[in-house]
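Student: What follows is model_36.pdb; its format and atoms are PDB, C-alpha atoms.
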```pdb
ATOM      1  CA  MET P 973     -65.069   9.816 -93.483
ATOM      2  CA  ALA P 974     -63.718  12.169 -90.862
ATOM      3  CA  ASP P 975     -60.169  13.445 -91.257
ATOM      4  CA  ALA P 976     -57.954  11.980 -88.479
ATOM      5  CA  THR P 977     -55.683  15.031 -88.717
ATOM      6  CA  LEU P 978     -58.338  17.547 -87.724
ATOM      7  CA  PRO P 979     -58.841  18.395 -84.044
ATOM      8  CA  GLY P 980     -61.611  16.357 -82.522
ATOM      9  CA  ALA P 981     -61.727  13.968 -85.466
ATOM     10  CA  PRO P 982     -62.034  10.246 -84.608
ATOM     11  CA  VAL P 983     -58.862   8.175 -84.967
ATOM     12  CA  THR P 984     -59.105   5.548 -87.692
ATOM     13  CA  THR P 985     -57.958   1.923 -87.520
ATOM     14  CA  ASP P 986     -55.173   2.672 -89.984
ATOM     15  CA  ALA P 987     -53.795   5.371 -87.697
ATOM     16  CA  TYR P 988     -53.788   2.950 -84.762
ATOM     17  CA  ALA P 989     -51.975   0.336 -86.870
ATOM     18  CA  ALA P 990     -49.370   2.856 -88.047
ATOM     19  CA  ALA P 991     -48.715   4.037 -84.489
ATOM     20  CA  ALA P 992     -48.414   0.457 -83.261
ATOM     21  CA  ALA P 993     -45.982  -0.373 -86.073
ATOM     22  CA  GLN P 994     -43.855   2.653 -85.197
ATOM     23  CA  LEU P 995     -43.786   1.622 -81.532
ATOM     24  CA  LYS P 996     -42.774  -1.937 -82.459
ATOM     25  CA  ALA P 997     -40.045  -0.641 -84.775
ATOM     26  CA  ARG P 998     -38.652   1.648 -82.062
ATOM     27  CA  ARG P 999     -38.796  -1.214 -79.549
ATOM     28  CA  ARG P1000     -36.959  -3.529 -81.934
ATOM     29  CA  ARG P1001     -34.263  -0.908 -82.580
ATOM     30  CA  ARG P1002     -33.872  -0.347 -78.853
ATOM     31  CA  GLU P1003     -33.635  -4.105 -78.202
ATOM     32  CA  ARG P1004     -31.059  -4.511 -80.981
ATOM     33  CA  ALA P1005     -28.983  -1.685 -79.558
ATOM     34  CA  VAL P1006     -29.131  -3.160 -76.040
ATOM     35  CA  ASN P1007     -28.305  -6.671 -77.315
ATOM     36  CA  THR P1008     -25.405  -5.354 -79.398
ATOM     37  CA  LEU P1009     -23.974  -3.528 -76.397
ATOM     38  CA  ALA P1010     -24.455  -6.570 -74.165
ATOM     39  CA  TYR P1011     -22.750  -8.897 -76.659
ATOM     40  CA  ALA P1012     -19.882  -6.453 -77.087
ATOM     41  CA  VAL P1013     -19.328  -6.323 -73.316
ATOM     42  CA  LEU P1014     -19.551 -10.129 -73.036
ATOM     43  CA  ILE P1015     -17.073 -10.602 -75.893
ATOM     44  CA  VAL P1016     -14.585  -8.258 -74.225
ATOM     45  CA  ILE P1017     -14.974 -10.087 -70.908
ATOM     46  CA  ALA P1018     -14.581 -13.460 -72.651
ATOM     47  CA  LEU P1019     -11.402 -12.333 -74.416
ATOM     48  CA  ILE P1020      -9.935 -11.028 -71.155
ATOM     49  CA  MET P1021     -10.689 -14.326 -69.409
ATOM     50  CA  LEU P1022      -9.585 -16.609 -72.248
ATOM     51  CA  TYR P1023      -6.361 -14.871 -73.216
ATOM     52  CA  PRO P1024      -4.309 -16.221 -70.247
ATOM     53  CA  PHE P1025      -5.221 -19.761 -71.302
ATOM     54  CA  TYR P1026      -4.425 -18.975 -74.923
ATOM     55  CA  TRP P1027      -1.132 -17.373 -73.901
ATOM     56  CA  THR P1028      -0.277 -20.501 -71.898
ATOM     57  CA  LEU P1029      -0.989 -22.663 -74.946
ATOM     58  CA  ILE P1030       1.083 -20.687 -77.446
ATOM     59  CA  THR P1031       3.931 -20.308 -74.939
ATOM     60  CA  SER P1032       4.020 -24.075 -74.456
ATOM     61  CA  LEU P1033       4.396 -24.479 -78.232
ATOM     62  CA  GLU P1034       7.378 -22.097 -78.508
ATOM     63  CA  SER P1035      10.971 -23.202 -78.137
ATOM     64  CA  THR P1036      12.555 -19.727 -77.966
ATOM     65  CA  GLY P1037      11.574 -16.128 -77.378
ATOM     66  CA  ASN P1038      10.375 -13.914 -74.559
ATOM     67  CA  ILE P1039       7.598 -15.669 -72.667
ATOM     68  CA  TYR P1040       6.466 -12.424 -70.998
ATOM     69  CA  GLU P1041       5.701 -10.666 -74.268
ATOM     70  CA  ALA P1042       2.021 -10.358 -75.241
ATOM     71  CA  LYS P1043       1.437 -12.120 -78.548
ATOM     72  CA  ILE P1044      -1.308 -13.466 -80.758
ATOM     73  CA  LEU P1045       0.541 -16.243 -82.581
ATOM     74  CA  PRO P1046       3.567 -18.316 -81.514
ATOM     75  CA  ALA P1047       6.883 -17.476 -83.135
ATOM     76  CA  ALA P1048       7.406 -21.160 -83.974
ATOM     77  CA  VAL P1049       5.489 -24.334 -83.192
ATOM     78  CA  SER P1050       7.309 -27.186 -81.482
ATOM     79  CA  LEU P1051       6.369 -30.108 -79.233
ATOM     80  CA  ARG P1052       9.766 -30.182 -77.555
ATOM     81  CA  ASN P1053       8.406 -28.676 -74.342
ATOM     82  CA  TYR P1054       5.833 -31.457 -74.041
ATOM     83  CA  ALA P1055       8.510 -34.087 -74.534
ATOM     84  CA  GLU P1056      10.710 -32.486 -71.861
ATOM     85  CA  MET P1057       7.739 -32.173 -69.554
ATOM     86  CA  TRP P1058       6.930 -35.859 -69.959
ATOM     87  CA  ARG P1059      10.425 -37.084 -69.144
ATOM     88  CA  GLY P1060      11.855 -34.237 -67.083
ATOM     89  CA  THR P1061      10.028 -34.341 -63.736
ATOM     90  CA  THR P1062      11.574 -35.812 -60.604
ATOM     91  CA  VAL P1063       8.287 -37.759 -60.389
ATOM     92  CA  PRO P1064       7.230 -39.569 -63.604
ATOM     93  CA  PHE P1065       4.532 -37.557 -65.319
ATOM     94  CA  TRP P1066       2.342 -40.601 -65.910
ATOM     95  CA  ARG P1067       2.427 -41.230 -62.168
ATOM     96  CA  LEU P1068       1.171 -37.702 -61.462
ATOM     97  CA  ILE P1069      -1.745 -38.288 -63.846
ATOM     98  CA  LEU P1070      -2.510 -41.650 -62.203
ATOM     99  CA  ASN P1071      -2.458 -40.026 -58.775
ATOM    100  CA  SER P1072      -4.918 -37.354 -59.923
ATOM    101  CA  VAL P1073      -7.260 -39.979 -61.385
ATOM    102  CA  ILE P1074      -7.230 -41.957 -58.130
ATOM    103  CA  VAL P1075      -7.740 -38.846 -55.990
ATOM    104  CA  CYS P1076     -10.593 -37.588 -58.197
ATOM    105  CA  THR P1077     -12.360 -40.963 -58.274
ATOM    106  CA  LEU P1078     -12.082 -41.459 -54.526
ATOM    107  CA  GLY P1079     -12.857 -37.849 -53.640
ATOM    108  CA  VAL P1080     -15.856 -37.387 -55.933
ATOM    109  CA  THR P1081     -17.385 -40.715 -54.861
ATOM    110  CA  LEU P1082     -17.089 -40.034 -51.133
ATOM    111  CA  THR P1083     -18.049 -36.353 -51.310
ATOM    112  CA  VAL P1084     -21.122 -36.841 -53.497
ATOM    113  CA  THR P1085     -22.309 -39.834 -51.454
ATOM    114  CA  LEU P1086     -21.966 -37.963 -48.169
ATOM    115  CA  ALA P1087     -23.678 -34.824 -49.529
ATOM    116  CA  THR P1088     -26.639 -36.760 -50.959
ATOM    117  CA  LEU P1089     -27.107 -38.626 -47.677
ATOM    118  CA  ALA P1090     -26.762 -35.563 -45.428
ATOM    119  CA  ALA P1091     -29.099 -33.409 -47.523
ATOM    120  CA  TYR P1092     -32.018 -35.850 -47.241
ATOM    121  CA  PRO P1093     -32.855 -35.405 -43.526
ATOM    122  CA  LEU P1094     -32.243 -31.653 -43.761
ATOM    123  CA  ALA P1095     -34.767 -31.420 -46.603
ATOM    124  CA  LYS P1096     -37.483 -34.004 -45.951
ATOM    125  CA  MET P1097     -37.279 -35.188 -42.334
ATOM    126  CA  ARG P1098     -38.807 -33.305 -39.417
ATOM    127  CA  PHE P1099     -36.872 -33.085 -36.173
ATOM    128  CA  PRO P1100     -36.168 -30.319 -33.631
ATOM    129  CA  GLY P1101     -33.477 -27.863 -34.697
ATOM    130  CA  ARG P1102     -33.357 -28.991 -38.331
ATOM    131  CA  ASP P1103     -33.275 -25.501 -39.821
ATOM    132  CA  LEU P1104     -30.923 -24.263 -37.106
ATOM    133  CA  ILE P1105     -28.453 -27.046 -37.950
ATOM    134  CA  PHE P1106     -28.673 -26.243 -41.652
ATOM    135  CA  TYR P1107     -28.059 -22.517 -41.190
ATOM    136  CA  ALA P1108     -25.234 -23.218 -38.755
ATOM    137  CA  ILE P1109     -23.587 -25.356 -41.433
ATOM    138  CA  LEU P1110     -24.091 -22.617 -44.023
ATOM    139  CA  ALA P1111     -22.455 -20.101 -41.671
ATOM    140  CA  LEU P1112     -19.211 -22.077 -41.976
ATOM    141  CA  MET P1113     -18.952 -20.973 -45.616
ATOM    142  CA  VAL P1114     -17.556 -17.620 -44.452
ATOM    143  CA  LEU P1115     -14.382 -19.387 -43.300
ATOM    144  CA  PRO P1116     -11.623 -19.697 -45.926
ATOM    145  CA  ASN P1117     -10.361 -23.169 -46.720
ATOM    146  CA  GLU P1118      -6.869 -22.249 -45.543
ATOM    147  CA  SER P1119      -8.161 -21.674 -41.993
ATOM    148  CA  GLY P1120      -8.531 -25.425 -41.524
ATOM    149  CA  LEU P1121      -5.038 -26.436 -42.649
ATOM    150  CA  ILE P1122      -3.589 -26.855 -39.157
ATOM    151  CA  VAL P1123      -6.649 -28.632 -37.762
ATOM    152  CA  ASN P1124      -6.842 -30.940 -40.779
ATOM    153  CA  TYR P1125      -3.140 -31.711 -40.581
ATOM    154  CA  ILE P1126      -3.400 -32.647 -36.907
ATOM    155  CA  THR P1127      -6.489 -34.750 -37.642
ATOM    156  CA  VAL P1128      -4.720 -36.625 -40.429
ATOM    157  CA  ILE P1129      -1.775 -37.344 -38.153
ATOM    158  CA  LYS P1130      -4.060 -38.526 -35.316
ATOM    159  CA  LEU P1131      -5.807 -40.876 -37.749
ATOM    160  CA  GLY P1132      -2.436 -42.371 -38.647
ATOM    161  CA  LEU P1133      -2.780 -41.621 -42.348
ATOM    162  CA  LEU P1134       0.809 -40.403 -42.692
ATOM    163  CA  GLN P1135       2.433 -43.503 -41.261
ATOM    164  CA  GLN P1136       4.949 -45.247 -43.495
ATOM    165  CA  THR P1137       5.060 -48.963 -42.819
ATOM    166  CA  ASN P1138       4.048 -50.700 -46.051
ATOM    167  CA  PRO P1139       4.267 -49.203 -49.554
ATOM    168  CA  VAL P1140       0.777 -50.285 -50.615
ATOM    169  CA  LEU P1141      -0.923 -49.304 -47.357
ATOM    170  CA  ASP P1142       1.063 -46.066 -47.225
ATOM    171  CA  ALA P1143      -0.205 -45.084 -50.684
ATOM    172  CA  ALA P1144      -3.817 -45.896 -49.767
ATOM    173  CA  ARG P1145      -3.586 -43.942 -46.504
ATOM    174  CA  GLN P1146      -2.020 -40.898 -48.155
ATOM    175  CA  TYR P1147      -4.634 -40.857 -50.901
ATOM    176  CA  LEU P1148      -7.268 -40.830 -48.139
ATOM    177  CA  ALA P1149      -5.366 -38.036 -46.390
ATOM    178  CA  ILE P1150      -5.748 -35.887 -49.513
ATOM    179  CA  VAL P1151      -9.458 -36.613 -49.822
ATOM    180  CA  ILE P1152     -10.866 -36.770 -46.283
ATOM    181  CA  PRO P1153     -10.639 -33.039 -45.360
ATOM    182  CA  GLY P1154     -12.785 -32.151 -48.371
ATOM    183  CA  ILE P1155     -15.519 -34.794 -48.303
ATOM    184  CA  ALA P1156     -17.859 -32.655 -46.153
ATOM    185  CA  SER P1157     -18.901 -30.120 -48.792
ATOM    186  CA  ILE P1158     -21.194 -27.314 -47.626
ATOM    187  CA  VAL P1159     -21.847 -26.185 -51.203
ATOM    188  CA  GLY P1160     -22.872 -29.700 -52.194
ATOM    189  CA  LEU P1161     -25.122 -30.013 -49.158
ATOM    190  CA  PHE P1162     -26.860 -26.753 -50.072
ATOM    191  CA  LEU P1163     -27.294 -27.573 -53.774
ATOM    192  CA  ILE P1164     -28.627 -31.086 -53.225
ATOM    193  CA  ARG P1165     -30.906 -30.017 -50.373
ATOM    194  CA  GLN P1166     -32.440 -27.407 -52.680
ATOM    195  CA  ALA P1167     -33.020 -30.111 -55.288
ATOM    196  CA  TYR P1168     -34.593 -32.410 -52.688
ATOM    197  CA  LEU P1169     -37.011 -29.664 -51.623
ATOM    198  CA  SER P1170     -38.592 -29.747 -55.087
ATOM    199  CA  VAL P1171     -39.526 -33.435 -54.714
ATOM    200  CA  PRO P1172     -43.252 -33.743 -53.833
ATOM    201  CA  LEU P1173     -43.800 -34.854 -50.257
ATOM    202  CA  GLU P1174     -46.653 -37.088 -51.430
ATOM    203  CA  LEU P1175     -44.179 -39.436 -53.128
ATOM    204  CA  ILE P1176     -42.255 -39.886 -49.897
ATOM    205  CA  GLU P1177     -45.416 -40.390 -47.819
ATOM    206  CA  ALA P1178     -46.696 -42.981 -50.290
ATOM    207  CA  ALA P1179     -43.406 -44.868 -50.105
ATOM    208  CA  ARG P1180     -43.496 -44.805 -46.309
ATOM    209  CA  ILE P1181     -47.053 -46.157 -46.322
ATOM    210  CA  ASP P1182     -45.854 -48.997 -48.575
ATOM    211  CA  GLY P1183     -43.246 -49.848 -45.932
ATOM    212  CA  ALA P1184     -40.140 -48.468 -47.618
ATOM    213  CA  SER P1185     -37.268 -47.563 -45.309
ATOM    214  CA  GLU P1186     -35.745 -44.087 -45.327
ATOM    215  CA  LEU P1187     -32.608 -45.429 -46.988
ATOM    216  CA  LYS P1188     -34.681 -47.040 -49.728
ATOM    217  CA  ILE P1189     -36.657 -43.800 -50.230
ATOM    218  CA  TRP P1190     -33.374 -41.924 -50.561
ATOM    219  CA  ARG P1191     -31.988 -44.426 -53.057
ATOM    220  CA  ARG P1192     -35.110 -45.053 -55.166
ATOM    221  CA  ILE P1193     -36.815 -41.636 -55.124
ATOM    222  CA  MET P1194     -34.599 -38.779 -53.992
ATOM    223  CA  VAL P1195     -31.383 -39.620 -55.827
ATOM    224  CA  PRO P1196     -32.978 -40.303 -59.261
ATOM    225  CA  LEU P1197     -35.080 -37.117 -59.128
ATOM    226  CA  ALA P1198     -32.110 -34.995 -58.030
ATOM    227  CA  MET P1199     -29.665 -36.602 -60.465
ATOM    228  CA  PRO P1200     -29.095 -33.450 -62.623
ATOM    229  CA  THR P1201     -28.034 -31.480 -59.543
ATOM    230  CA  ILE P1202     -25.912 -34.375 -58.315
ATOM    231  CA  ALA P1203     -24.215 -34.531 -61.724
ATOM    232  CA  ALA P1204     -23.522 -30.784 -61.647
ATOM    233  CA  PHE P1205     -22.070 -31.072 -58.153
ATOM    234  CA  SER P1206     -19.937 -34.022 -59.272
ATOM    235  CA  ILE P1207     -18.422 -31.819 -61.986
ATOM    236  CA  PHE P1208     -17.635 -29.146 -59.388
ATOM    237  CA  GLU P1209     -15.922 -31.706 -57.179
ATOM    238  CA  PHE P1210     -13.970 -33.235 -60.063
ATOM    239  CA  VAL P1211     -12.512 -29.828 -60.884
ATOM    240  CA  ALA P1212     -11.699 -29.180 -57.206
ATOM    241  CA  TYR P1213      -9.930 -32.503 -56.671
ATOM    242  CA  TRP P1214      -8.177 -32.377 -60.042
ATOM    243  CA  ASN P1215      -6.744 -28.982 -59.103
ATOM    244  CA  SER P1216      -5.665 -30.088 -55.605
ATOM    245  CA  PHE P1217      -2.493 -28.180 -54.852
ATOM    246  CA  LEU P1218      -1.976 -26.529 -51.474
ATOM    247  CA  TRP P1219      -3.211 -29.304 -49.183
ATOM    248  CA  ALA P1220      -1.457 -32.040 -51.154
ATOM    249  CA  ARG P1221       1.750 -30.016 -51.278
ATOM    250  CA  VAL P1222       1.760 -29.309 -47.540
ATOM    251  CA  MET P1223       0.687 -32.693 -46.292
ATOM    252  CA  LEU P1224       2.102 -35.479 -48.478
ATOM    253  CA  PRO P1225       5.469 -36.854 -47.345
ATOM    254  CA  ASP P1226       5.851 -38.962 -50.512
ATOM    255  CA  LYS P1227       6.276 -36.886 -53.686
ATOM    256  CA  ASN P1228       5.456 -39.918 -55.826
ATOM    257  CA  LEU P1229       1.842 -39.700 -54.620
ATOM    258  CA  MET P1230       1.247 -36.051 -55.502
ATOM    259  CA  PRO P1231      -1.607 -35.189 -57.864
ATOM    260  CA  LEU P1232      -0.845 -33.458 -61.124
ATOM    261  CA  SER P1233      -1.357 -29.832 -60.037
ATOM    262  CA  ALA P1234       0.914 -30.234 -57.011
ATOM    263  CA  GLY P1235       3.445 -32.218 -59.036
ATOM    264  CA  LEU P1236       3.879 -29.375 -61.520
ATOM    265  CA  LEU P1237       5.955 -27.624 -58.859
ATOM    266  CA  GLU P1238       8.494 -30.404 -59.266
ATOM    267  CA  LEU P1239       8.483 -29.624 -62.969
ATOM    268  CA  SER P1240       9.076 -25.969 -62.201
ATOM    269  CA  GLY P1241      12.009 -26.797 -59.993
ATOM    270  CA  THR P1242      13.561 -29.034 -62.599
ATOM    271  CA  PHE P1243      13.162 -26.499 -65.387
ATOM    272  CA  SER P1244      13.798 -23.328 -63.455
ATOM    273  CA  THR P1245      15.012 -21.594 -66.646
ATOM    274  CA  ASN P1246      12.528 -23.256 -69.003
ATOM    275  CA  SER P1247       9.081 -22.071 -67.999
ATOM    276  CA  ARG P1248       7.656 -23.411 -71.244
ATOM    277  CA  ALA P1249       7.781 -26.934 -69.820
ATOM    278  CA  VAL P1250       5.627 -25.721 -66.947
ATOM    279  CA  MET P1251       3.214 -24.209 -69.465
ATOM    280  CA  ALA P1252       3.040 -27.543 -71.281
ATOM    281  CA  GLY P1253       2.185 -29.262 -68.009
ATOM    282  CA  ALA P1254      -0.509 -26.674 -67.296
ATOM    283  CA  VAL P1255      -2.086 -27.294 -70.720
ATOM    284  CA  ILE P1256      -2.166 -31.040 -70.047
ATOM    285  CA  THR P1257      -3.797 -30.308 -66.690
ATOM    286  CA  ILE P1258      -6.559 -28.212 -68.262
ATOM    287  CA  ILE P1259      -7.533 -30.733 -70.967
ATOM    288  CA  PRO P1260      -9.408 -33.259 -68.717
ATOM    289  CA  ILE P1261     -11.432 -30.436 -67.155
ATOM    290  CA  LEU P1262     -12.487 -29.190 -70.609
ATOM    291  CA  ILE P1263     -13.472 -32.729 -71.616
ATOM    292  CA  VAL P1264     -15.595 -33.213 -68.488
ATOM    293  CA  PHE P1265     -17.352 -29.876 -69.037
ATOM    294  CA  ALA P1266     -17.930 -30.652 -72.730
ATOM    295  CA  PHE P1267     -19.639 -33.973 -72.002
ATOM    296  CA  GLY P1268     -21.411 -32.845 -68.826
ATOM    297  CA  GLN P1269     -22.538 -29.371 -69.859
ATOM    298  CA  ARG P1270     -26.159 -30.411 -70.346
ATOM    299  CA  TYR P1271     -26.364 -31.987 -66.885
ATOM    300  CA  PHE P1272     -24.420 -29.094 -65.403
ATOM    301  CA  MET P1273     -26.860 -26.422 -66.599
ATOM    302  CA  LYS P1274     -29.936 -28.511 -65.799
ATOM    303  CA  GLY P1275     -28.597 -29.299 -62.329
ATOM    304  CA  LEU P1276     -27.927 -25.690 -61.436
ATOM    305  CA  GLU P1277     -31.356 -24.684 -62.769
ATOM    306  CA  GLY P1278     -33.030 -27.343 -60.641
ATOM    307  CA  ALA P1279     -31.115 -26.303 -57.541
ATOM    308  CA  VAL P1280     -32.074 -22.644 -57.999
ATOM    309  CA  LYS P1281     -35.748 -23.494 -58.547
ATOM    310  CA  GLY P1282     -35.747 -25.758 -55.508
TER     311      GLY P1282
END
```
Could you express the structure from this file as structure tokens?
Tutor:
Amino acid sequence: MADATLPGAPVTTDAYAAAAAQLKARRRRRERAVNTLAYAVLIVIALIMLYPFYWTLITSLESTGNIYEAKILPAAVSLRNYAEMWRGTTVPFWRLILNSVIVCTLGVTLTVTLATLAAYPLAKMRFPGRDLIFYAILALMVLPNESGLIVNYITVIKLGLLQQTNPVLDAARQYLAIVIPGIASIVGLFLIRQAYLSVPLELIEAARIDGASELKIWRRIMVPLAMPTIAAFSIFEFVAYWNSFLWARVMLPDKNLMPLSAGLLELSGTFSTNSRAVMAGAVITIIPILIVFAFGQRYFMKGLEGAVKG
């Protein structure tokens, strides 16, 4: 057998296998080093992002001490701040929670319904200027939400939603006033349209041949197939409406109808020297969002993946 070490000698199978093993070992070491560095960076970023929430939690559990001091563990654990938060607002805390539930239910229902309806013609119907209309709508995303405050306020007044004539009707109108400016969601329109684009056109043509109306096609075909994206968008909207602050604070004449995030300002005013009560209210505000994400995480990830593929 020829010696593989001599010049011009043929390379044996064992030499090839040894070289391949060395290459695989170097590749594995390089991948481990890259993964270790990536995980280290991600852990640092996660700690930086999570510490404000953790600091809010431990501050809400303290009864004394400097709230502006960085700490890892609370000096003492007490639920006194939560008790004061529950009974200390000018608006009952349970009423703030009820207001947020009503606003979220109404807002998510209207916003998701409108987005699913509007995305269907922009994705599957053919008419002149369809793409131009879609891109014109997308161009509005460059405008900040605050730019529409004055226009929205005037619109709400013109619609008579801030009138105060009957307590029950006043509450219903003011809940609508919180929700209506946000029901036309450009992000939702984009996400759901992308999901609709992945639906085979043959299914729609077959339904049309069978005599199905466009509304029935939307309800029986488009919505079920795009449900993961719709669920992900619903989570987005729940978080947005649950955290409603600026618009509700500016617009609502009745403080008893404020959602939870806007009502925490009343808590801050009441406990101007006890910021821990505000921290306790902030922790209560975060809990429903964490619950929704925990139960909807699977649909959330699948929905975003479907929208990106579409």
Student: Could you state the separation of CA of Ala1055 (chain P) and CA of Asp1226 (chain P) in Å, given to one decimal place?
Tutor: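 Between these atoms lies a distance of 24.7 Å.
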Student: Where does the PyMOL selection byres ((chain P and resi 1087) around 10) land in this file, that is, which residues does it pick, as JSON, numbers by chain?
Tutor: {"P": [1082, 1083, 1084, 1085, 1086, 1088, 1089, 1090, 1091, 1092, 1155, 1156, 1157, 1158, 1159, 1160, 1161, 1162, 1163, 1164, 1165, 1202, 1205]}
Student: Quick one: pull the distance between CA of Ala1252 (chain P) and CA of Thr1028 (chain P), Å, one decimal.
Tutor: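 Here the two named atoms are 7.8 Å from each other.
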Student: Around (-35.8, -38.2, -53.8) in the file's own coordinates, what residues are found within 12 Å if you use all atoms listed in the file, given back as number ranges by chain?
Tutor: P: 1088-1089, 1091-1093, 1095-1097, 1164-1177, 1179, 1186-1199, 1201-1202
Student: Quick one: of P:Asn1071, P:Ser1032, P:Ser1119, P:Thr1077, who's nearest to Met1057 (chain P), counting all atoms listed in the file?
Tutor: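 So, comparing all the options, the nearest one is P:Ser1032.
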Student: Ranking P:Gln1146, P:Leu1236, P:Ser1247, P:Pro1153 by minimum distance to Val1123 (chain P) and counting all atoms listed in the file, which one comes first?
Tutor: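 Comparing P:Gln1146, P:Leu1236, P:Ser1247, P:Pro1153 against Val1123 (chain P), the winner is P:Pro1153.
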Student: P:Pro1046, P:Ile1150, P:Gly1183, P:Thr1008: which is nearest Arg1221 (chain P), counting only C-alpha atoms?
Tutor: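 With only C-alpha atoms as the atom set, the closest residue is P:Ile1150.
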